[in-house]
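Here is the file upload_27.txt (compact mmCIF, C-alpha atoms).
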# COMPACT_ATOMS: atom_id res chain seq x y z
CA MET A 1 12.88 -2.30 13.84
CA TYR A 2 14.86 -5.53 14.12
CA SER A 3 18.49 -5.41 13.07
CA PHE A 4 19.56 -6.43 9.58
CA LYS A 5 22.55 -6.20 7.27
CA MET A 6 22.56 -3.43 4.67
CA GLU A 7 23.99 -4.07 1.23
CA ARG A 8 24.41 -1.41 -1.43
CA ALA A 9 24.17 -2.84 -4.92
CA GLU A 10 26.22 -1.10 -7.63
CA SER A 11 24.56 -2.98 -10.50
CA LEU A 12 21.58 -5.23 -11.20
CA THR A 13 23.97 -8.18 -11.40
CA SER A 14 25.46 -7.50 -7.98
CA ALA A 15 21.96 -7.00 -6.48
CA LEU A 16 20.86 -10.38 -7.87
CA GLU A 17 24.02 -12.06 -6.59
CA ARG A 18 23.57 -10.65 -3.10
CA PHE A 19 19.94 -11.73 -3.08
CA GLY A 20 21.00 -15.23 -4.11
CA ASP A 21 23.61 -15.39 -1.35
CA SER A 22 21.09 -14.56 1.37
CA ASP A 23 18.50 -16.77 3.06
CA ASP A 24 16.18 -13.84 3.67
CA ALA A 25 16.77 -10.73 1.60
CA VAL A 26 14.60 -7.86 0.47
CA TYR A 27 15.21 -5.08 -2.06
CA LEU A 28 14.94 -1.47 -0.90
CA ALA A 29 13.68 1.10 -3.43
CA GLY A 30 12.16 4.31 -1.97
CA GLY A 31 11.42 2.50 1.27
CA HIS A 32 8.08 4.16 1.90
CA THR A 33 6.29 0.86 2.40
CA LEU A 34 9.19 -1.35 3.47
CA ILE A 35 10.60 0.90 6.21
CA PRO A 36 7.22 1.49 7.95
CA ALA A 37 6.58 -2.28 7.73
CA MET A 38 10.00 -2.99 9.27
CA LYS A 39 9.39 -0.44 12.03
CA GLN A 40 6.16 -2.21 12.90
CA ARG A 41 8.02 -5.55 12.78
CA LEU A 42 5.71 -6.80 10.08
CA ARG A 43 8.86 -7.36 8.03
CA ALA A 44 12.15 -8.52 9.51
CA PRO A 45 14.57 -9.35 6.67
CA GLU A 46 18.14 -10.43 7.42
CA ASP A 47 19.55 -8.54 4.45
CA VAL A 48 18.33 -5.29 2.91
CA ILE A 49 19.69 -4.64 -0.58
CA ASP A 50 19.55 -0.94 -1.46
CA LEU A 51 18.94 -0.37 -5.18
CA SER A 52 19.42 3.42 -5.12
CA GLY A 53 23.06 3.29 -6.20
CA ILE A 54 22.44 1.38 -9.43
CA PRO A 55 23.01 3.77 -12.35
CA GLY A 56 20.31 4.43 -14.93
CA LEU A 57 17.30 3.26 -12.95
CA ARG A 58 15.87 6.77 -12.50
CA ASP A 59 15.83 7.87 -16.14
CA ILE A 60 12.65 8.99 -17.88
CA LEU A 61 13.15 8.58 -21.63
CA VAL A 62 11.09 9.22 -24.75
CA THR A 63 11.22 6.14 -26.94
CA GLN A 64 9.87 5.45 -30.41
CA ASP A 65 6.46 4.32 -29.18
CA GLY A 66 6.16 5.85 -25.76
CA ILE A 67 7.83 6.82 -22.51
CA GLU A 68 10.12 4.55 -20.54
CA ILE A 69 10.25 5.31 -16.83
CA GLY A 70 13.06 3.88 -14.72
CA ALA A 71 11.83 1.83 -11.78
CA MET A 72 13.58 4.08 -9.25
CA ALA A 73 12.01 7.31 -10.60
CA THR A 74 10.21 9.02 -7.73
CA HIS A 75 6.56 10.05 -7.90
CA ALA A 76 7.72 13.69 -7.84
CA ALA A 77 10.03 13.05 -10.81
CA VAL A 78 7.19 11.48 -12.84
CA ALA A 79 4.73 14.23 -11.85
CA GLY A 80 7.24 16.93 -12.83
CA SER A 81 8.65 15.34 -15.99
CA ALA A 82 8.11 17.45 -19.11
CA HIS A 83 8.09 14.26 -21.24
CA VAL A 84 5.37 12.67 -19.14
CA LYS A 85 3.31 15.88 -18.99
CA THR A 86 3.43 16.23 -22.78
CA HIS A 87 2.86 12.65 -23.87
CA ILE A 88 0.88 11.04 -21.01
CA PRO A 89 -0.60 13.92 -18.99
CA VAL A 90 -2.85 11.59 -17.00
CA LEU A 91 0.21 9.79 -15.62
CA ALA A 92 1.77 13.06 -14.38
CA ASP A 93 -1.56 13.96 -12.73
CA LEU A 94 -1.85 10.57 -11.08
CA ALA A 95 1.74 10.61 -9.79
CA GLY A 96 1.23 14.13 -8.42
CA GLY A 97 -1.69 12.89 -6.32
CA ILE A 98 0.08 10.00 -4.58
CA GLY A 99 0.60 10.39 -0.83
CA ASP A 100 1.95 13.83 0.03
CA ARG A 101 4.90 15.94 -1.20
CA GLN A 102 7.45 14.36 1.13
CA VAL A 103 6.30 10.85 0.21
CA ARG A 104 6.43 11.73 -3.51
CA ASN A 105 10.06 12.82 -3.07
CA ARG A 106 11.06 9.28 -1.98
CA GLY A 107 8.48 6.74 -3.18
CA THR A 108 9.23 5.09 -6.53
CA ILE A 109 7.10 3.74 -9.37
CA GLY A 110 8.90 0.38 -9.32
CA GLY A 111 8.48 -0.01 -5.58
CA SER A 112 4.80 0.87 -5.80
CA ILE A 113 3.89 -1.65 -8.48
CA ALA A 114 6.10 -4.41 -7.02
CA ASN A 115 4.24 -3.94 -3.73
CA ASN A 116 0.79 -3.95 -5.40
CA ASP A 117 -1.07 -2.38 -2.51
CA PRO A 118 -4.81 -2.74 -3.24
CA ALA A 119 -5.29 1.03 -2.80
CA ALA A 120 -2.17 2.25 -4.63
CA ASP A 121 -2.62 4.57 -7.64
CA TYR A 122 0.10 3.34 -10.01
CA PRO A 123 -1.41 -0.12 -10.65
CA ALA A 124 -4.43 1.63 -12.23
CA ALA A 125 -2.08 3.53 -14.57
CA VAL A 126 -0.03 0.47 -15.51
CA LEU A 127 -3.09 -1.67 -16.26
CA GLY A 128 -5.29 1.11 -17.68
CA LEU A 129 -2.63 2.46 -20.02
CA ASP A 130 -1.46 -1.06 -20.92
CA ALA A 131 2.15 -0.50 -19.91
CA ARG A 132 4.88 -3.16 -20.06
CA ILE A 133 7.05 -4.03 -17.09
CA VAL A 134 10.68 -4.60 -18.01
CA THR A 135 12.66 -6.62 -15.46
CA ASP A 136 16.22 -7.90 -15.28
CA ARG A 137 15.15 -10.98 -17.26
CA ARG A 138 11.95 -10.40 -19.27
CA THR A 139 9.12 -8.06 -20.26
CA ILE A 140 5.74 -8.61 -18.61
CA ALA A 141 2.43 -7.38 -20.06
CA SER A 142 0.32 -5.26 -17.71
CA GLY A 143 -2.48 -7.83 -17.82
CA ASP A 144 -0.17 -10.57 -16.54
CA PHE A 145 1.59 -8.57 -13.82
CA PHE A 146 -0.88 -7.93 -10.97
CA LYS A 147 -1.92 -11.26 -9.46
CA ALA A 148 -3.66 -10.61 -6.13
CA MET A 149 -3.47 -8.38 -3.05
CA PHE A 150 0.26 -7.59 -2.57
CA GLU A 151 1.11 -10.25 -5.20
CA THR A 152 2.63 -9.84 -8.64
CA ALA A 153 4.12 -12.03 -11.35
CA LEU A 154 7.66 -11.14 -10.16
CA GLU A 155 9.92 -13.97 -9.05
CA PRO A 156 11.26 -13.50 -5.47
CA ASP A 157 14.61 -12.14 -6.70
CA GLU A 158 13.38 -10.39 -9.88
CA ILE A 159 14.03 -6.65 -10.18
CA ILE A 160 11.94 -4.21 -12.22
CA ARG A 161 14.17 -2.08 -14.44
CA ALA A 162 11.64 0.16 -16.12
CA ILE A 163 7.99 0.57 -17.06
CA GLN A 164 7.16 1.32 -20.69
CA PHE A 165 4.02 3.39 -21.26
CA PRO A 166 2.48 4.15 -24.64
CA LYS A 167 1.83 7.82 -25.44
CA ILE A 168 -1.82 8.47 -24.58
CA GLU A 169 -3.30 11.92 -24.43
CA ARG A 170 -6.98 11.10 -23.99
CA ALA A 171 -7.23 9.56 -20.56
CA ALA A 172 -8.42 10.53 -17.09
CA TYR A 173 -7.82 9.31 -13.54
CA LEU A 174 -10.56 9.87 -11.02
CA LYS A 175 -9.74 9.16 -7.41
CA PHE A 176 -12.10 9.16 -4.48
CA PRO A 177 -9.66 9.44 -1.58
CA ASN A 178 -10.29 8.19 1.90
CA PRO A 179 -10.79 11.43 3.86
CA ALA A 180 -8.19 10.47 6.48
CA SER A 181 -5.49 8.43 4.73
CA ARG A 182 -6.00 9.94 1.23
CA TYR A 183 -5.51 6.45 -0.22
CA ALA A 184 -7.92 5.64 -3.05
CA MET A 185 -11.18 4.15 -1.77
CA VAL A 186 -11.79 3.84 -5.49
CA GLY A 187 -9.54 5.09 -8.29
CA VAL A 188 -10.66 4.77 -11.91
CA LEU A 189 -8.38 5.21 -14.90
CA ILE A 190 -10.13 5.56 -18.26
CA ALA A 191 -8.02 5.62 -21.40
CA CYS A 192 -9.04 5.97 -25.03
CA ILE A 193 -6.44 4.07 -27.05
CA SER A 194 -7.35 4.51 -30.74
CA ASP A 195 -10.82 2.90 -30.93
CA GLU A 196 -10.52 0.95 -27.72
CA VAL A 197 -11.53 2.14 -24.26
CA ARG A 198 -9.67 0.66 -21.29
CA ILE A 199 -10.80 1.04 -17.69
CA ALA A 200 -8.67 -0.03 -14.72
CA ILE A 201 -9.96 0.28 -11.16
CA THR A 202 -7.84 0.36 -8.00
CA GLY A 203 -8.86 0.57 -4.33
CA ALA A 204 -12.19 -1.17 -4.87
CA ALA A 205 -11.10 -4.82 -4.83
CA PRO A 206 -8.15 -6.84 -3.44
CA SER A 207 -6.17 -6.05 -6.61
CA VAL A 208 -6.51 -3.71 -9.59
CA PHE A 209 -8.93 -4.98 -12.28
CA ARG A 210 -10.49 -3.99 -15.60
CA ALA A 211 -14.19 -3.22 -16.00
CA ALA A 212 -14.74 -5.34 -19.12
CA ASP A 213 -18.49 -4.69 -19.69
CA PHE A 214 -17.98 -0.94 -19.41
CA GLU A 215 -15.01 -1.07 -21.80
CA VAL A 216 -17.07 -2.88 -24.47
CA ALA A 217 -20.03 -0.51 -24.14
CA LEU A 218 -17.87 2.61 -24.19
CA SER A 219 -15.78 1.34 -27.11
CA GLU A 220 -19.03 1.06 -29.12
CA SER A 221 -20.39 4.40 -28.01
CA PHE A 222 -18.46 6.77 -25.77
CA SER A 223 -21.33 8.25 -23.78
CA GLU A 224 -22.81 8.01 -20.30
CA SER A 225 -26.06 6.63 -21.75
CA SER A 226 -24.25 3.57 -23.12
CA ILE A 227 -23.33 2.47 -19.58
CA SER A 228 -26.51 3.52 -17.77
CA GLU A 229 -27.83 -0.05 -17.52
CA LEU A 230 -24.51 -1.61 -16.46
CA THR A 231 -23.45 -2.39 -12.90
CA LEU A 232 -20.33 -3.75 -11.24
CA PRO A 233 -20.72 -6.83 -9.05
CA SER A 234 -20.25 -5.98 -5.37
CA ASP A 235 -19.33 -9.53 -4.31
CA THR A 236 -15.72 -9.02 -5.46
CA MET A 237 -15.35 -5.59 -3.81
CA ASN A 238 -13.54 -4.73 -0.57
CA ASP A 239 -15.83 -4.34 2.39
CA ASP A 240 -14.29 -2.59 5.41
CA ILE A 241 -14.76 0.20 7.95
CA HIS A 242 -14.12 2.80 5.25
CA ALA A 243 -16.82 1.69 2.81
CA SER A 244 -19.13 -1.25 2.18
CA ALA A 245 -18.78 -3.41 -0.92
CA ASP A 246 -22.06 -2.03 -2.33
CA TYR A 247 -20.85 1.53 -1.81
CA ARG A 248 -17.56 0.81 -3.60
CA ALA A 249 -19.36 -0.88 -6.52
CA HIS A 250 -21.63 2.15 -6.86
CA LEU A 251 -18.68 4.55 -6.55
CA CYS A 252 -16.83 2.78 -9.39
CA LYS A 253 -19.74 3.43 -11.74
CA VAL A 254 -20.13 7.05 -10.60
CA LEU A 255 -16.44 7.72 -11.24
CA ILE A 256 -16.51 5.98 -14.64
CA GLY A 257 -19.45 8.23 -15.56
CA ARG A 258 -17.58 11.36 -14.46
CA GLY A 259 -14.53 10.25 -16.44
CA VAL A 260 -16.61 9.76 -19.57
CA GLN A 261 -18.07 13.23 -19.09
CA MET A 262 -14.60 14.78 -18.63
CA LEU A 263 -13.19 13.08 -21.71
CA SER A 264 -16.28 13.93 -23.82
CA ASP A 265 -15.96 17.64 -23.00
CA HIS A 266 -12.33 17.50 -24.09
CA MET B 1 27.35 -0.25 12.63
CA GLU B 2 27.52 2.20 9.78
CA ALA B 3 29.82 5.16 9.25
CA ILE B 4 27.91 7.88 7.41
CA LYS B 5 29.33 11.04 5.95
CA LEU B 6 26.91 13.94 5.72
CA GLN B 7 26.98 17.64 4.98
CA VAL B 8 24.74 18.94 7.79
CA ASN B 9 23.63 22.57 7.68
CA GLY B 10 26.79 23.46 5.80
CA ARG B 11 29.23 21.44 7.96
CA LYS B 12 30.83 18.10 7.18
CA ARG B 13 29.97 15.46 9.75
CA THR B 14 30.64 11.75 10.10
CA VAL B 15 28.30 9.76 12.32
CA HIS B 16 28.45 6.17 13.49
CA CYS B 17 25.08 4.55 13.95
CA ALA B 18 23.29 1.21 13.95
CA THR B 19 22.21 -0.07 10.53
CA ASN B 20 18.56 0.07 11.60
CA ALA B 21 18.75 3.70 12.78
CA THR B 22 16.44 6.06 10.93
CA LEU B 23 17.65 9.43 9.72
CA VAL B 24 15.67 11.22 12.42
CA ASP B 25 17.28 9.04 15.11
CA VAL B 26 20.69 10.21 13.92
CA ILE B 27 19.62 13.85 13.61
CA ARG B 28 18.27 13.98 17.15
CA GLU B 29 20.48 11.58 19.06
CA GLN B 30 23.86 11.77 17.33
CA LEU B 31 23.86 15.24 15.82
CA HIS B 32 21.84 16.62 18.77
CA LEU B 33 19.71 18.72 16.44
CA THR B 34 16.48 18.37 18.37
CA GLY B 35 14.52 20.93 16.38
CA THR B 36 13.48 18.08 14.08
CA HIS B 37 10.57 16.40 15.89
CA VAL B 38 9.03 12.94 15.87
CA GLY B 39 5.26 13.18 16.03
CA CYS B 40 3.83 9.93 14.72
CA ASP B 41 6.86 7.87 13.60
CA THR B 42 4.57 6.36 10.91
CA SER B 43 5.23 8.70 7.94
CA GLN B 44 2.06 10.70 8.41
CA CYS B 45 2.51 13.83 10.52
CA GLY B 46 5.51 15.51 8.85
CA ALA B 47 7.01 16.89 12.10
CA CYS B 48 10.31 15.21 11.11
CA THR B 49 10.51 16.94 7.69
CA VAL B 50 14.05 17.90 6.65
CA HIS B 51 15.69 18.65 3.29
CA LEU B 52 17.77 15.77 1.95
CA ASP B 53 19.74 16.70 -1.17
CA GLY B 54 17.31 19.57 -1.72
CA ASP B 55 14.04 17.68 -1.28
CA ALA B 56 11.64 17.78 1.67
CA VAL B 57 11.46 14.26 3.11
CA LYS B 58 10.18 12.55 6.24
CA ALA B 59 13.30 11.66 8.23
CA CYS B 60 11.45 8.96 10.20
CA THR B 61 10.99 6.93 7.02
CA ILE B 62 14.54 6.91 5.72
CA LEU B 63 17.38 4.79 7.05
CA ALA B 64 20.43 6.81 8.01
CA ALA B 65 22.43 4.21 6.09
CA GLN B 66 20.68 5.34 2.88
CA CYS B 67 22.03 8.90 3.30
CA ASP B 68 25.80 8.42 3.08
CA GLY B 69 27.25 11.29 1.05
CA SER B 70 24.06 13.37 1.23
CA THR B 71 23.46 17.01 2.03
CA LEU B 72 21.06 17.59 4.89
CA THR B 73 19.35 20.77 6.03
CA THR B 74 17.37 20.82 9.27
CA ILE B 75 15.36 23.63 10.83
CA GLU B 76 18.54 24.74 12.63
CA GLY B 77 20.16 25.37 9.23
CA LEU B 78 17.66 27.97 8.01
CA ALA B 79 18.63 31.02 10.06
CA GLN B 80 21.74 32.83 8.81
CA ASN B 81 23.94 34.92 11.13
CA GLU B 82 21.35 34.61 13.86
CA VAL B 83 18.71 36.24 11.68
CA HIS B 84 15.55 34.20 11.13
CA HIS B 85 14.79 32.83 7.68
CA PRO B 86 11.87 34.73 6.11
CA MET B 87 9.62 31.68 6.57
CA GLN B 88 10.47 31.45 10.28
CA GLN B 89 9.84 35.19 10.64
CA ALA B 90 6.47 34.83 8.90
CA PHE B 91 5.37 31.98 11.19
CA ASN B 92 6.29 34.18 14.14
CA GLU B 93 4.52 37.28 12.85
CA CYS B 94 1.37 35.48 11.62
CA HIS B 95 1.21 33.33 14.74
CA GLY B 96 1.30 30.25 12.50
CA LEU B 97 1.51 27.94 15.49
CA GLN B 98 -0.01 27.21 18.84
CA CYS B 99 1.97 24.52 20.70
CA GLY B 100 4.76 24.65 18.09
CA PHE B 101 5.41 20.91 17.85
CA CYS B 102 4.58 20.64 14.13
CA THR B 103 6.22 23.98 13.28
CA PRO B 104 9.75 22.85 12.28
CA GLY B 105 8.23 20.36 9.82
CA MET B 106 5.71 22.89 8.55
CA ILE B 107 8.49 25.43 7.90
CA MET B 108 10.77 22.90 6.16
CA SER B 109 7.87 21.82 3.92
CA ALA B 110 6.90 25.42 3.21
CA VAL B 111 10.47 26.40 2.24
CA ASP B 112 10.72 23.41 -0.12
CA LEU B 113 7.36 24.36 -1.60
CA VAL B 114 8.42 27.94 -2.31
CA HIS B 115 11.68 26.71 -3.85
CA LYS B 116 9.86 24.44 -6.28
CA GLU B 117 6.43 25.86 -7.10
CA GLU B 118 5.83 29.08 -8.93
CA GLU B 119 2.16 29.56 -8.21
CA LEU B 120 1.21 29.55 -4.55
CA SER B 121 -2.46 30.30 -4.00
CA PRO B 122 -3.85 29.58 -0.50
CA GLU B 123 -5.58 26.51 -2.02
CA ALA B 124 -2.30 25.24 -3.49
CA ILE B 125 -0.58 25.76 -0.11
CA ARG B 126 -3.30 23.81 1.70
CA SER B 127 -2.97 20.90 -0.67
CA ALA B 128 0.85 21.04 -0.64
CA LEU B 129 0.94 20.87 3.17
CA GLU B 130 -1.09 17.66 3.16
CA GLY B 131 1.92 15.79 4.59
CA ASN B 132 2.12 18.01 7.67
CA ILE B 133 -0.43 17.67 10.43
CA CYS B 134 -1.16 20.33 13.06
CA ARG B 135 -3.30 19.02 15.91
CA CYS B 136 -3.91 22.46 17.40
CA THR B 137 -5.97 23.07 14.21
CA GLY B 138 -4.00 26.18 13.43
CA TYR B 139 -4.09 25.85 9.63
CA GLN B 140 -5.61 29.26 8.97
CA ASN B 141 -2.59 31.11 10.31
CA ILE B 142 -0.17 28.52 8.89
CA VAL B 143 -1.46 29.24 5.37
CA ALA B 144 -1.22 32.99 6.02
CA ALA B 145 2.36 32.49 7.26
CA VAL B 146 3.37 30.54 4.13
CA VAL B 147 1.92 33.28 1.88
CA GLN B 148 3.90 35.93 3.78
CA GLY B 149 7.03 33.76 4.03
CA ALA B 150 6.97 33.11 0.27
CA ALA B 151 6.82 36.85 -0.38
CA GLY B 152 9.72 37.37 2.07
CA MET B 153 11.81 34.71 0.32
CA LYS B 154 11.20 36.33 -3.09
CA GLU B 155 12.12 39.72 -1.71
CA GLN B 156 15.34 38.34 -0.23
CA GLN B 157 16.27 36.82 -3.60
CA SER B 158 15.70 40.01 -5.57

As structure tokens:
Amino acid sequence: MYSFKMERAESLTSALERFGDSDDAVYLAGGHTLIPAMKQRLRAPEDVIDLSGIPGLRDILVTQDGIEIGAMATHAAVAGSAHVKTHIPVLADLAGGIGDRQVRNRGTIGGSIANNDPAADYPAAVLGLDARIVTDRRTIASGDFFKAMFETALEPDEIIRAIQFPKIERAAYLKFPNPASRYAMVGVLIACISDEVRIAITGAAPSVFRAADFEVALSESFSESSISELTLPSDTMNDDIHASADYRAHLCKVLIGRGVQMLSDH
Amino acid sequence: MEAIKLQVNGRKRTVHCATNATLVDVIREQLHLTGTHVGCDTSQCGACTVHLDGDAVKACTILAAQCDGSTLTTIEGLAQNEVHHPMQQAFNECHGLQCGFCTPGMIMSAVDLVHKEEELSPEAIRSALEGNICRCTGYQNIVAAVVQGAAGMKEQQS
């Protein structure tokens, strides 16, 4: 790891100021992507601004229309939160399946979505459950947030404060993990939000995406037969040593089918 | 350089280290607690697992500078009055190790698991130890050791 200067921000304002004063700064949340990247010298920032001392960023609150999760809440905190388990059980399940126990004790929801790893789990939850991302300066709709592989709508110095999720009981997350890394080769989140079905898929393509044709068909009739003729195009899928694009496209449909079955039995 | 205050295995310590030192660097090279191992150094193997403010974490993936004011327990902090912790005893009795390199991390993860989870079936233990890799393929006895160690910890509490 190259050397750097460490700054501990006491507030969002001081974090933004320190970022502005630096030529090459990076924010540190849980550090479970940033620190490995710095150790491999893939990242070599001059200034690292630690956000862990900013008060209030870890809170998980019940609001009038949902649950607001502070950006610095760890995966373990989300998985174990009674509020999340009661009002959005699928989100607690998803968080409890990220990485391993030690990683879940450090990794944060804000760090995960700001990083937008193509195989991360949280982007599927944020897009599938139609969450809102609250930053130091604005609120971003889930559909506008994830731009491309490792790219989001965040400005370079923008800090996520919290993620607002609606209460959704009828939803499922189906993950087909890579047998070695346990990252999602494909992860499908299906949510029934009143009459609308939303499907967000992670791991399969360079960035999380919605399966629009499947959403329309399932919103009309929530059954496996209504999607039997549909396919996902493989030309937009990742193709690597772990799985071919065709395999991933097929896997998406298989997992959507299993999700429909699970939610129908409910 | 950073000056970091820590409560290490019950004792107050202040260490001076480079800003880019990881927690495991400080544990091994400044505190000389070499029971915490570095297997992969890429957040995968779990040999460096310690308890930071009560949570099992991978000390290779945390900067020491992030830990100022924290409470740290390493494998050396488990035994009390030279008597093994029930989980250490169980790993010994069940032969939950072969070469022993992964064992400190396995035990720290297992203790954290027993502290936090009520139900510990062998399946739950296998899935909970996902962040600890044993390359001697000794998982069978590791799971047996965690089952026995959990029972020992409950007995000690009661």

Check which residues of chain A sit at most 6 Å from chain B using all atoms listed in the file, and return one row each with the closest pair of atoms and their distance in Å to one decimal, ordered by chain and rising number, as a tab-separated table.
residue	atom	partner	partner_atom	distance
A:Ser3	CA	B:Asn20	CA	5.7
A:Asp100	CA	B:Gly131	CA	5.0
A:Gln102	CA	B:Val57	CA	4.5

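Candidate residues B:Cys45, B:Cys40, B:Leu72, B:Ile125 were compared for distance to B:Val8, and the nearest is B:Leu72, using only C-alpha atoms.
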
I'd like the neighbourhood of A:Glu229 as JSON, numbers by chain, where a residue qualifies if any of its atoms comes within 12 Å (using all atoms listed in the file), though same-chain residues fewer than 5 positions away should be ignored. {"A": [213, 214, 217, 224, 253, 257]}

Near stretch 160-171 of chain A, counting only C-alpha atoms, which residues have an atom at most 7 Å away, once you skip same-chain residues fewer than 2 positions from it, shown as a list of chain:residue names? A:Leu57, A:Asp65, A:Gly66, A:Ile67, A:Glu68, A:Ile69, A:Gly70, A:Ala71, A:His87, A:Ile88, A:Pro89, A:Val90, A:Gly110, A:Leu129, A:Ala131, A:Arg132, A:Ile133, A:Val134, A:Thr135, A:Asp136, A:Glu158, A:Ile190, A:Ala191, A:Cys192, A:Ile193, A:Leu263

Non-local contacts of stretch 240-242 of chain A (10 Å; all atoms listed in the file; under 2 positions in same chain excluded) as a count of residues only: 10

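Reported to one decimal place, the separation of atom CA of A:Val197 from atom CA of A:Glu215 is 5.3 Å.
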
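Taking atom CA of B:Cys102 and atom CA of B:Met87 as the two end points, the separation is 14.3 Å.
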
Distance atom CA of A:Pro118-atom CA of A:Lys39, one decimal place? 21.0 Å

Considering only C-alpha atoms, return as a compact mmCIF listing (two decimals) with C-alpha atoms, in the coordinates of the input whatever protein or nucleic-acid residues lie within 7 Å of A:Tyr27, sequence-local ones (same chain, fewer than 6 positions apart) excluded.
# COMPACT_ATOMS: atom_id res chain seq x y z
CA VAL A 48 18.33 -5.29 2.91
CA ILE A 49 19.69 -4.64 -0.58
CA ASP A 50 19.55 -0.94 -1.46
CA LEU A 51 18.94 -0.37 -5.18

Which of A:Gly128, A:Leu255, A:Phe146, A:Ile109 sits closest to A:Ile199 [using only C-alpha atoms]: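 Closest to A:Ile199 of all the choices is A:Gly128.
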
Residues within 12 Å of A:Asp117, please, as a list in words. Count only C-alpha atoms; anything in the same chain fewer than 5 positions from it doesn't count.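 Once the nearby chain positions are removed, what remains is Thr33, Leu34, Gly111, Ser112, Tyr122, Pro123, Ala124, Phe146, Lys147, Ala148, Met149, Phe150, Glu151, Thr152, Tyr183, Ala184, Thr202, Gly203, Ala204, Ala205, Pro206, Ser207 and Val208 of chain A.
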
Assuming the input is short of atoms at stretch 243-254 of chain A, produce N, CA, C and O atoms for that part as a short mmCIF file (atom, residue, chain, number, x, y, z; two decimals), in the coordinates of the input.
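Generated file (rebuild_2.cif):
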data_model
loop_
_atom_site.label_atom_id
_atom_site.label_comp_id
_atom_site.auth_asym_id
_atom_site.auth_seq_id
_atom_site.Cartn_x
_atom_site.Cartn_y
_atom_site.Cartn_z
N ALA A 243 -15.70 1.71 3.75
CA ALA A 243 -16.82 1.69 2.81
C ALA A 243 -17.29 0.24 2.63
O ALA A 243 -16.47 -0.68 2.64
N SER A 244 -18.59 0.09 2.44
CA SER A 244 -19.13 -1.25 2.18
C SER A 244 -18.85 -1.64 0.74
O SER A 244 -18.52 -0.79 -0.11
N ALA A 245 -19.00 -2.92 0.45
CA ALA A 245 -18.78 -3.41 -0.92
C ALA A 245 -19.78 -2.76 -1.89
O ALA A 245 -19.41 -2.37 -3.00
N ASP A 246 -21.03 -2.65 -1.46
CA ASP A 246 -22.06 -2.03 -2.33
C ASP A 246 -21.69 -0.58 -2.65
O ASP A 246 -21.85 -0.11 -3.78
N TYR A 247 -21.21 0.11 -1.63
CA TYR A 247 -20.85 1.53 -1.81
C TYR A 247 -19.71 1.64 -2.82
O TYR A 247 -19.74 2.48 -3.71
N ARG A 248 -18.70 0.76 -2.67
CA ARG A 248 -17.56 0.81 -3.60
C ARG A 248 -18.01 0.49 -5.03
O ARG A 248 -17.57 1.14 -5.98
N ALA A 249 -18.88 -0.52 -5.18
CA ALA A 249 -19.36 -0.88 -6.52
C ALA A 249 -20.08 0.31 -7.17
O ALA A 249 -19.88 0.62 -8.34
N HIS A 250 -20.90 0.98 -6.36
CA HIS A 250 -21.63 2.15 -6.86
C HIS A 250 -20.67 3.27 -7.23
O HIS A 250 -20.79 3.91 -8.28
N LEU A 251 -19.66 3.48 -6.33
CA LEU A 251 -18.68 4.55 -6.55
C LEU A 251 -17.89 4.34 -7.85
O LEU A 251 -17.60 5.29 -8.57
N CYS A 252 -17.55 3.08 -8.14
CA CYS A 252 -16.83 2.78 -9.39
C CYS A 252 -17.62 3.32 -10.58
O CYS A 252 -17.08 3.99 -11.46
N LYS A 253 -18.92 3.02 -10.60
CA LYS A 253 -19.74 3.43 -11.74
C LYS A 253 -19.86 4.96 -11.80
O LYS A 253 -19.79 5.55 -12.88
N VAL A 254 -20.03 5.58 -10.63
CA VAL A 254 -20.13 7.05 -10.60
C VAL A 254 -18.85 7.67 -11.18
O VAL A 254 -18.91 8.59 -12.01
#
